[in-house]
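File shown: my_file.pdb (PDB, C-alpha atoms, pLDDT in the B column).
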```
ATOM      1  CA  MET A1319      40.387  10.709 -12.047  1.00 56.00           C
ATOM      2  CA  LYS A1320      38.169  13.394 -10.555  1.00 56.00           C
ATOM      3  CA  LYS A1321      35.176  12.010 -12.485  1.00 56.00           C
ATOM      4  CA  THR A1322      35.875   8.488 -11.202  1.00 50.00           C
ATOM      5  CA  LEU A1323      36.014   9.689  -7.583  1.00 45.00           C
ATOM      6  CA  THR A1324      32.740  11.568  -8.030  1.00 47.00           C
ATOM      7  CA  ILE A1325      31.028   8.463  -9.404  1.00 51.00           C
ATOM      8  CA  LEU A1326      32.437   6.271  -6.620  1.00 48.00           C
ATOM      9  CA  GLY A1327      31.303   8.788  -4.025  1.00 53.00           C
ATOM     10  CA  PHE A1328      27.799   8.796  -5.488  1.00 48.00           C
ATOM     11  CA  LEU A1329      27.647   5.005  -5.571  1.00 51.00           C
ATOM     12  CA  ALA A1330      28.781   4.796  -1.946  1.00 53.00           C
ATOM     13  CA  VAL A1331      25.968   7.110  -0.779  1.00 47.00           C
ATOM     14  CA  PHE A1332      23.191   5.894  -3.091  1.00 44.00           C
ATOM     15  CA  PRO A1333      22.470   2.483  -1.456  1.00 47.00           C
ATOM     16  CA  ALA A1334      22.220   4.061   2.002  1.00 43.00           C
ATOM     17  CA  SER A1335      19.710   6.671   0.863  1.00 39.00           C
ATOM     18  CA  ALA A1336      17.665   4.052  -0.993  1.00 41.00           C
ATOM     19  CA  ALA A1337      17.494   1.884   2.131  1.00 41.00           C
ATOM     20  CA  LEU A1338      16.161   4.795   4.176  1.00 42.00           C
ATOM     21  CA  ALA A1339      13.371   5.441   1.676  1.00 42.00           C
ATOM     22  CA  ASP A1340      11.612   2.057   1.856  1.00 54.00           C
ATOM     23  CA  ASP A1341       8.814   1.031   4.221  1.00 57.00           C
ATOM     24  CA  ASP A1342      10.016  -2.530   4.731  1.00 86.00           C
ATOM     25  CA  CYS A1343       9.684  -3.957   8.234  1.00 93.00           C
ATOM     26  CA  PHE A1344      12.547  -6.228   9.188  1.00 93.00           C
ATOM     27  CA  VAL A1345      11.352  -7.957  12.351  1.00 94.00           C
ATOM     28  CA  PRO A1346      11.702 -11.656  13.263  1.00 95.00           C
ATOM     29  CA  MET A1347       8.324 -13.416  13.176  1.00 93.00           C
ATOM     30  CA  THR A1348       8.756 -14.360  16.846  1.00 95.00           C
ATOM     31  CA  ASP A1349       8.459 -10.642  17.725  1.00 96.00           C
ATOM     32  CA  TRP A1350       5.254 -10.034  15.746  1.00 97.00           C
ATOM     33  CA  GLN A1351       1.942  -9.122  17.345  1.00 97.00           C
ATOM     34  CA  PRO A1352      -0.926 -11.472  16.352  1.00 97.00           C
ATOM     35  CA  ARG A1353      -3.422 -10.568  13.616  1.00 97.00           C
ATOM     36  CA  ASP A1354      -6.107 -10.181  16.287  1.00 97.00           C
ATOM     37  CA  ALA A1355      -4.128  -7.264  17.721  1.00 98.00           C
ATOM     38  CA  VAL A1356      -4.035  -5.653  14.262  1.00 98.00           C
ATOM     39  CA  ALA A1357      -7.807  -6.124  13.950  1.00 97.00           C
ATOM     40  CA  ARG A1358      -8.280  -4.477  17.380  1.00 98.00           C
ATOM     41  CA  LEU A1359      -6.086  -1.563  16.268  1.00 98.00           C
ATOM     42  CA  ALA A1360      -8.303  -1.102  13.223  1.00 97.00           C
ATOM     43  CA  GLU A1361     -11.460  -1.267  15.334  1.00 97.00           C
ATOM     44  CA  GLU A1362     -10.065   1.305  17.800  1.00 97.00           C
ATOM     45  CA  ASN A1363      -9.432   3.670  14.878  1.00 96.00           C
ATOM     46  CA  GLY A1364     -12.918   3.164  13.428  1.00 97.00           C
ATOM     47  CA  TRP A1365     -11.686   1.312  10.356  1.00 97.00           C
ATOM     48  CA  THR A1366     -13.667  -1.429   8.653  1.00 97.00           C
ATOM     49  CA  VAL A1367     -11.273  -4.214   7.665  1.00 97.00           C
ATOM     50  CA  ARG A1368     -11.664  -5.918   4.322  1.00 97.00           C
ATOM     51  CA  ARG A1369      -8.334  -7.731   4.504  1.00 97.00           C
ATOM     52  CA  ILE A1370      -5.177  -7.925   6.617  1.00 98.00           C
ATOM     53  CA  LYS A1371      -2.123  -9.111   4.705  1.00 97.00           C
ATOM     54  CA  ILE A1372       1.648  -9.039   4.948  1.00 96.00           C
ATOM     55  CA  ASP A1373       3.549  -6.839   2.500  1.00 95.00           C
ATOM     56  CA  ASP A1374       7.312  -6.155   2.643  1.00 94.00           C
ATOM     57  CA  GLY A1375       7.387  -7.629   6.153  1.00 96.00           C
ATOM     58  CA  CYS A1376       4.721  -5.225   7.452  1.00 97.00           C
ATOM     59  CA  TYR A1377       1.059  -5.753   8.210  1.00 97.00           C
ATOM     60  CA  GLU A1378      -1.179  -4.050   5.663  1.00 98.00           C
ATOM     61  CA  ILE A1379      -4.827  -3.317   6.364  1.00 98.00           C
ATOM     62  CA  ASP A1380      -7.150  -2.825   3.391  1.00 97.00           C
ATOM     63  CA  GLY A1381     -10.514  -1.379   4.269  1.00 97.00           C
ATOM     64  CA  ARG A1382     -12.449   1.808   4.920  1.00 97.00           C
ATOM     65  CA  ASP A1383     -12.040   4.579   7.445  1.00 96.00           C
ATOM     66  CA  ALA A1384     -14.835   5.921   9.668  1.00 94.00           C
ATOM     67  CA  GLU A1385     -15.973   8.243   6.840  1.00 93.00           C
ATOM     68  CA  GLY A1386     -16.191   5.358   4.366  1.00 94.00           C
ATOM     69  CA  ARG A1387     -13.057   6.255   2.390  1.00 95.00           C
ATOM     70  CA  ARG A1388     -10.999   3.362   1.065  1.00 96.00           C
ATOM     71  CA  ILE A1389      -7.705   3.112   2.933  1.00 97.00           C
ATOM     72  CA  GLU A1390      -4.539   1.059   2.941  1.00 97.00           C
ATOM     73  CA  VAL A1391      -2.704   1.204   6.263  1.00 97.00           C
ATOM     74  CA  THR A1392       0.848  -0.077   6.789  1.00 97.00           C
ATOM     75  CA  VAL A1393       1.489  -1.224  10.376  1.00 98.00           C
ATOM     76  CA  HIS A1394       4.759  -2.231  12.059  1.00 97.00           C
ATOM     77  CA  PRO A1395       4.334  -5.912  13.027  1.00 97.00           C
ATOM     78  CA  ALA A1396       6.064  -5.732  16.430  1.00 97.00           C
ATOM     79  CA  THR A1397       4.990  -2.318  17.756  1.00 97.00           C
ATOM     80  CA  LEU A1398       1.708  -1.935  15.838  1.00 97.00           C
ATOM     81  CA  GLN A1399       2.797   1.611  15.042  1.00 97.00           C
ATOM     82  CA  VAL A1400       1.024   3.003  11.975  1.00 96.00           C
ATOM     83  CA  ILE A1401       3.732   3.625   9.398  1.00 96.00           C
ATOM     84  CA  GLU A1402       1.597   4.938   6.559  1.00 95.00           C
ATOM     85  CA  VAL A1403      -2.060   5.574   5.715  1.00 95.00           C
ATOM     86  CA  GLU A1404      -2.940   5.775   2.039  1.00 95.00           C
ATOM     87  CA  TYR A1405      -6.345   7.071   0.994  1.00 93.00           C
ATOM     88  CA  GLU A1406      -7.697   5.902  -2.332  1.00 83.00           C
ATOM     89  CA  ASP A1407      -8.709   8.738  -4.647  1.00 70.00           C
ATOM     90  CA  ASP A1408     -12.157  10.300  -4.663  1.00 57.00           C
ATOM     91  CA  ASP A1409     -13.026   8.778  -8.058  1.00 55.00           C
ATOM     92  CA  ASP A1410     -13.055   5.326  -6.463  1.00 53.00           C
ATOM     93  CA  ARG A1411     -15.281   6.620  -3.654  1.00 52.00           C
ATOM     94  CA  LEU A1412     -17.790   8.163  -6.086  1.00 52.00           C
ATOM     95  CA  LEU A1413     -17.983   4.924  -8.057  1.00 52.00           C
ATOM     96  CA  GLN A1414     -18.578   2.932  -4.853  1.00 54.00           C
ATOM     97  CA  GLU A1415     -21.275   5.371  -3.675  1.00 54.00           C
ATOM     98  CA  GLN A1416     -23.047   5.102  -7.025  1.00 52.00           C
ATOM     99  CA  LYS A1417     -22.823   1.308  -6.841  1.00 54.00           C
ATOM    100  CA  ASP A1418     -24.191   1.336  -3.273  1.00 56.00           C
ATOM    101  CA  GLY A1419     -26.940   3.811  -4.192  1.00 56.00           C
ATOM    102  CA  VAL A1420     -25.626   6.512  -1.835  1.00 54.00           C
ATOM    103  CA  ALA A1421     -26.263  10.090  -2.926  1.00 51.00           C
ATOM    104  CA  GLY A1422     -23.226  12.298  -2.567  1.00 47.00           C
TER     105      GLY A1422
END
```
Could you render the structure from this file as C-alpha cells?
Amino acid sequence: MKKTLTILGFLAVFPASAALADDDCFVPMTDWQPRDAVARLAEENGWTVRRIKIDDGCYEIDGRDAEGRRIEVTVHPATLQVIEVEYEDDDDRLLQEQKDGVAG
C-alpha cells in the first residue's frame, strides 16, 4: 500500500514538473506580434537573420549574432521577450570561417 501511494504521488507531481520545463508558447494567434516586429528585434540586437520560423508556438530566429556566431533565438510571440538564445558550437564557426576564407 505504501509503495502504491508513493507511485501515485510521483505520478501526480511528474506532469506538472514536465510542463514547467518546456519552452512552448501558448498564445492565440490574434495576440501575436507580426514577423516584421521580430525582424526589428533582431536588427536592434545586431543579429543577422537567416530565417524566422515558428516552433512550439514561439518565434525562432536562426542567424548570426554581431560577432558572427551562429545563433538560434526563441522569442515569445506576443511580448517579443527573448526566451532563450542558443549559440552553435565553435566547431561550426571554424568550418564556416574556413569556407568563407576568414583567418581565425
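The two atoms in question, atom CA of A:Arg1387 and atom CA of A:Trp1350, are spaced 27.9 Å apart.
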- Note on the structure: Between atom CA of A:Ile1401 and atom CA of A:Glu1385 lies a distance of 20.4 Å
Quick one: which residues end up in the PyMOL selection byres ((chain A and resi 1356) around 9) for this structure, as a tab-separated table (two decimals) with C-alpha atoms, in the frame of the given file?
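This is the output file result_0.tsv:
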```
chain	number	residue	atom	x	y	z
A	1351	GLN	CA	1.94	-9.12	17.34
A	1352	PRO	CA	-0.93	-11.47	16.35
A	1353	ARG	CA	-3.42	-10.57	13.62
A	1354	ASP	CA	-6.11	-10.18	16.29
A	1355	ALA	CA	-4.13	-7.26	17.72
A	1357	ALA	CA	-7.81	-6.12	13.95
A	1358	ARG	CA	-8.28	-4.48	17.38
A	1359	LEU	CA	-6.09	-1.56	16.27
A	1360	ALA	CA	-8.30	-1.10	13.22
A	1361	GLU	CA	-11.46	-1.27	15.33
A	1370	ILE	CA	-5.18	-7.92	6.62
A	1377	TYR	CA	1.06	-5.75	8.21
A	1379	ILE	CA	-4.83	-3.32	6.36
A	1393	VAL	CA	1.49	-1.22	10.38
A	1395	PRO	CA	4.33	-5.91	13.03
A	1398	LEU	CA	1.71	-1.94	15.84
```
- Message: Between atom CA of A:Glu1406 and atom CA of A:Cys1343, what distance in Å does the model show, to one decimal?
- Response: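 Answer for the atom CA of A:Glu1406 to atom CA of A:Cys1343 separation: 22.6 Å.
Residue membership of the PyMOL selection byres ((chain A and resi 1376) around 9) in the shown file amounts to Asp1341, Asp1342, Cys1343, Phe1344, Val1345, Lys1371, Ile1372, Asp1373, Asp1374, Gly1375, Tyr1377, Glu1378, Thr1392, Val1393, His1394 and Pro1395 of chain A.
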Each side padded by 8 Å, which centre and which edge lengths in Å (one decimal) define the axis-aligned box around the listed atoms of stretch 1349-1367 of chain A? Give them as JSON.
```
{"center_x": -2.6, "center_y": -3.9, "center_z": 12.7, "size_x": 38.1, "size_y": 31.1, "size_z": 26.1}
```
Given the PyMOL selection byres ((chain A and resi 1367) around 7) and the file above, list the residues it selects as a JSON list (two decimals) with C-alpha atoms, in the frame of the given file.
```
[["chain", "number", "residue", "atom", "x", "y", "z"],
["A", 1365, "TRP", "CA", -11.69, 1.31, 10.36],
["A", 1366, "THR", "CA", -13.67, -1.43, 8.65],
["A", 1368, "ARG", "CA", -11.66, -5.92, 4.32],
["A", 1369, "ARG", "CA", -8.33, -7.73, 4.50],
["A", 1379, "ILE", "CA", -4.83, -3.32, 6.36],
["A", 1380, "ASP", "CA", -7.15, -2.82, 3.39],
["A", 1381, "GLY", "CA", -10.51, -1.38, 4.27],
["A", 1382, "ARG", "CA", -12.45, 1.81, 4.92]]
```
Could you please fill out stretch 1372-1383 of chain A with all heavy atoms and send it back as a PDB file, in the frame of the given file?
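Written output follows (part-v4.pdb):
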```
ATOM      1  N   ILE A1372       0.260  -9.379   4.676  1.00 96.00           N
ATOM      2  CA  ILE A1372       1.648  -9.039   4.948  1.00 96.00           C
ATOM      3  C   ILE A1372       2.273  -8.571   3.640  1.00 96.00           C
ATOM      4  O   ILE A1372       2.177  -9.248   2.620  1.00 96.00           O
ATOM      5  CB  ILE A1372       2.412 -10.248   5.518  1.00 96.00           C
ATOM      6  CG1 ILE A1372       1.790 -10.673   6.848  1.00 96.00           C
ATOM      7  CG2 ILE A1372       3.891  -9.918   5.679  1.00 96.00           C
ATOM      8  CD1 ILE A1372       2.282 -12.010   7.352  1.00 96.00           C
ATOM      9  N   ASP A1373       2.898  -7.397   3.687  1.00 95.00           N
ATOM     10  CA  ASP A1373       3.549  -6.839   2.500  1.00 95.00           C
ATOM     11  C   ASP A1373       4.873  -6.218   2.927  1.00 95.00           C
ATOM     12  O   ASP A1373       4.902  -5.372   3.820  1.00 95.00           O
ATOM     13  CB  ASP A1373       2.646  -5.785   1.853  1.00 95.00           C
ATOM     14  CG  ASP A1373       3.205  -5.272   0.539  1.00 95.00           C
ATOM     15  OD1 ASP A1373       3.875  -6.053  -0.170  1.00 95.00           O
ATOM     16  OD2 ASP A1373       2.979  -4.090   0.225  1.00 95.00           O
ATOM     17  N   ASP A1374       5.961  -6.639   2.322  1.00 94.00           N
ATOM     18  CA  ASP A1374       7.312  -6.155   2.643  1.00 94.00           C
ATOM     19  C   ASP A1374       7.624  -6.303   4.132  1.00 94.00           C
ATOM     20  O   ASP A1374       8.278  -5.456   4.729  1.00 94.00           O
ATOM     21  CB  ASP A1374       7.487  -4.696   2.220  1.00 94.00           C
ATOM     22  CG  ASP A1374       7.506  -4.529   0.704  1.00 94.00           C
ATOM     23  OD1 ASP A1374       7.940  -5.482   0.015  1.00 94.00           O
ATOM     24  OD2 ASP A1374       7.104  -3.461   0.219  1.00 94.00           O
ATOM     25  N   GLY A1375       7.113  -7.364   4.743  1.00 96.00           N
ATOM     26  CA  GLY A1375       7.387  -7.629   6.153  1.00 96.00           C
ATOM     27  C   GLY A1375       6.547  -6.824   7.119  1.00 96.00           C
ATOM     28  O   GLY A1375       6.741  -6.916   8.329  1.00 96.00           O
ATOM     29  N   CYS A1376       5.612  -6.026   6.610  1.00 97.00           N
ATOM     30  CA  CYS A1376       4.721  -5.225   7.452  1.00 97.00           C
ATOM     31  C   CYS A1376       3.300  -5.768   7.328  1.00 97.00           C
ATOM     32  O   CYS A1376       2.943  -6.392   6.342  1.00 97.00           O
ATOM     33  CB  CYS A1376       4.692  -3.772   6.983  1.00 97.00           C
ATOM     34  SG  CYS A1376       6.278  -2.930   6.913  1.00 97.00           S
ATOM     35  N   TYR A1377       2.489  -5.501   8.357  1.00 97.00           N
ATOM     36  CA  TYR A1377       1.059  -5.753   8.210  1.00 97.00           C
ATOM     37  C   TYR A1377       0.494  -4.655   7.313  1.00 97.00           C
ATOM     38  O   TYR A1377       0.907  -3.504   7.377  1.00 97.00           O
ATOM     39  CB  TYR A1377       0.340  -5.684   9.558  1.00 97.00           C
ATOM     40  CG  TYR A1377       0.414  -6.949  10.388  1.00 97.00           C
ATOM     41  CD1 TYR A1377       0.974  -6.925  11.643  1.00 97.00           C
ATOM     42  CD2 TYR A1377      -0.111  -8.142   9.921  1.00 97.00           C
ATOM     43  CE1 TYR A1377       1.032  -8.064  12.426  1.00 97.00           C
ATOM     44  CE2 TYR A1377      -0.061  -9.292  10.682  1.00 97.00           C
ATOM     45  CZ  TYR A1377       0.502  -9.257  11.936  1.00 97.00           C
ATOM     46  OH  TYR A1377       0.552 -10.386  12.694  1.00 97.00           O
ATOM     47  N   GLU A1378      -0.489  -5.026   6.492  1.00 98.00           N
ATOM     48  CA  GLU A1378      -1.179  -4.050   5.663  1.00 98.00           C
ATOM     49  C   GLU A1378      -2.676  -4.282   5.800  1.00 98.00           C
ATOM     50  O   GLU A1378      -3.155  -5.397   5.584  1.00 98.00           O
ATOM     51  CB  GLU A1378      -0.747  -4.187   4.211  1.00 98.00           C
ATOM     52  CG  GLU A1378      -1.295  -3.102   3.312  1.00 98.00           C
ATOM     53  CD  GLU A1378      -0.728  -3.200   1.912  1.00 98.00           C
ATOM     54  OE1 GLU A1378       0.427  -2.797   1.705  1.00 98.00           O
ATOM     55  OE2 GLU A1378      -1.457  -3.705   1.038  1.00 98.00           O
ATOM     56  N   ILE A1379      -3.381  -3.252   6.193  1.00 98.00           N
ATOM     57  CA  ILE A1379      -4.827  -3.317   6.364  1.00 98.00           C
ATOM     58  C   ILE A1379      -5.477  -2.654   5.157  1.00 98.00           C
ATOM     59  O   ILE A1379      -5.194  -1.490   4.859  1.00 98.00           O
ATOM     60  CB  ILE A1379      -5.280  -2.576   7.641  1.00 98.00           C
ATOM     61  CG1 ILE A1379      -4.613  -3.155   8.879  1.00 98.00           C
ATOM     62  CG2 ILE A1379      -6.800  -2.598   7.763  1.00 98.00           C
ATOM     63  CD1 ILE A1379      -4.803  -2.323  10.135  1.00 98.00           C
ATOM     64  N   ASP A1380      -6.329  -3.390   4.462  1.00 97.00           N
ATOM     65  CA  ASP A1380      -7.150  -2.825   3.391  1.00 97.00           C
ATOM     66  C   ASP A1380      -8.555  -2.709   3.934  1.00 97.00           C
ATOM     67  O   ASP A1380      -9.085  -3.681   4.500  1.00 97.00           O
ATOM     68  CB  ASP A1380      -7.152  -3.735   2.156  1.00 97.00           C
ATOM     69  CG  ASP A1380      -5.806  -3.778   1.461  1.00 97.00           C
ATOM     70  OD1 ASP A1380      -5.104  -2.758   1.459  1.00 97.00           O
ATOM     71  OD2 ASP A1380      -5.459  -4.845   0.923  1.00 97.00           O
ATOM     72  N   GLY A1381      -9.160  -1.550   3.769  1.00 97.00           N
ATOM     73  CA  GLY A1381     -10.514  -1.379   4.269  1.00 97.00           C
ATOM     74  C   GLY A1381     -11.028   0.017   4.048  1.00 97.00           C
ATOM     75  O   GLY A1381     -10.679   0.678   3.067  1.00 97.00           O
ATOM     76  N   ARG A1382     -11.853   0.475   4.990  1.00 97.00           N
ATOM     77  CA  ARG A1382     -12.449   1.808   4.920  1.00 97.00           C
ATOM     78  C   ARG A1382     -12.297   2.500   6.264  1.00 97.00           C
ATOM     79  O   ARG A1382     -12.351   1.851   7.312  1.00 97.00           O
ATOM     80  CB  ARG A1382     -13.921   1.722   4.546  1.00 97.00           C
ATOM     81  CG  ARG A1382     -14.136   1.163   3.141  1.00 97.00           C
ATOM     82  CD  ARG A1382     -15.556   1.375   2.654  1.00 97.00           C
ATOM     83  NE  ARG A1382     -15.707   0.870   1.318  1.00 97.00           N
ATOM     84  CZ  ARG A1382     -15.483   1.586   0.208  1.00 97.00           C
ATOM     85  NH1 ARG A1382     -15.119   2.846   0.305  1.00 97.00           N
ATOM     86  NH2 ARG A1382     -15.626   1.053  -0.983  1.00 97.00           N
ATOM     87  N   ASP A1383     -12.127   3.821   6.204  1.00 96.00           N
ATOM     88  CA  ASP A1383     -12.040   4.579   7.445  1.00 96.00           C
ATOM     89  C   ASP A1383     -13.447   4.882   7.956  1.00 96.00           C
ATOM     90  O   ASP A1383     -14.441   4.439   7.367  1.00 96.00           O
ATOM     91  CB  ASP A1383     -11.194   5.842   7.271  1.00 96.00           C
ATOM     92  CG  ASP A1383     -11.837   6.895   6.386  1.00 96.00           C
ATOM     93  OD1 ASP A1383     -12.992   6.722   5.930  1.00 96.00           O
ATOM     94  OD2 ASP A1383     -11.180   7.924   6.146  1.00 96.00           O
TER      95      ASP A1383
END
```
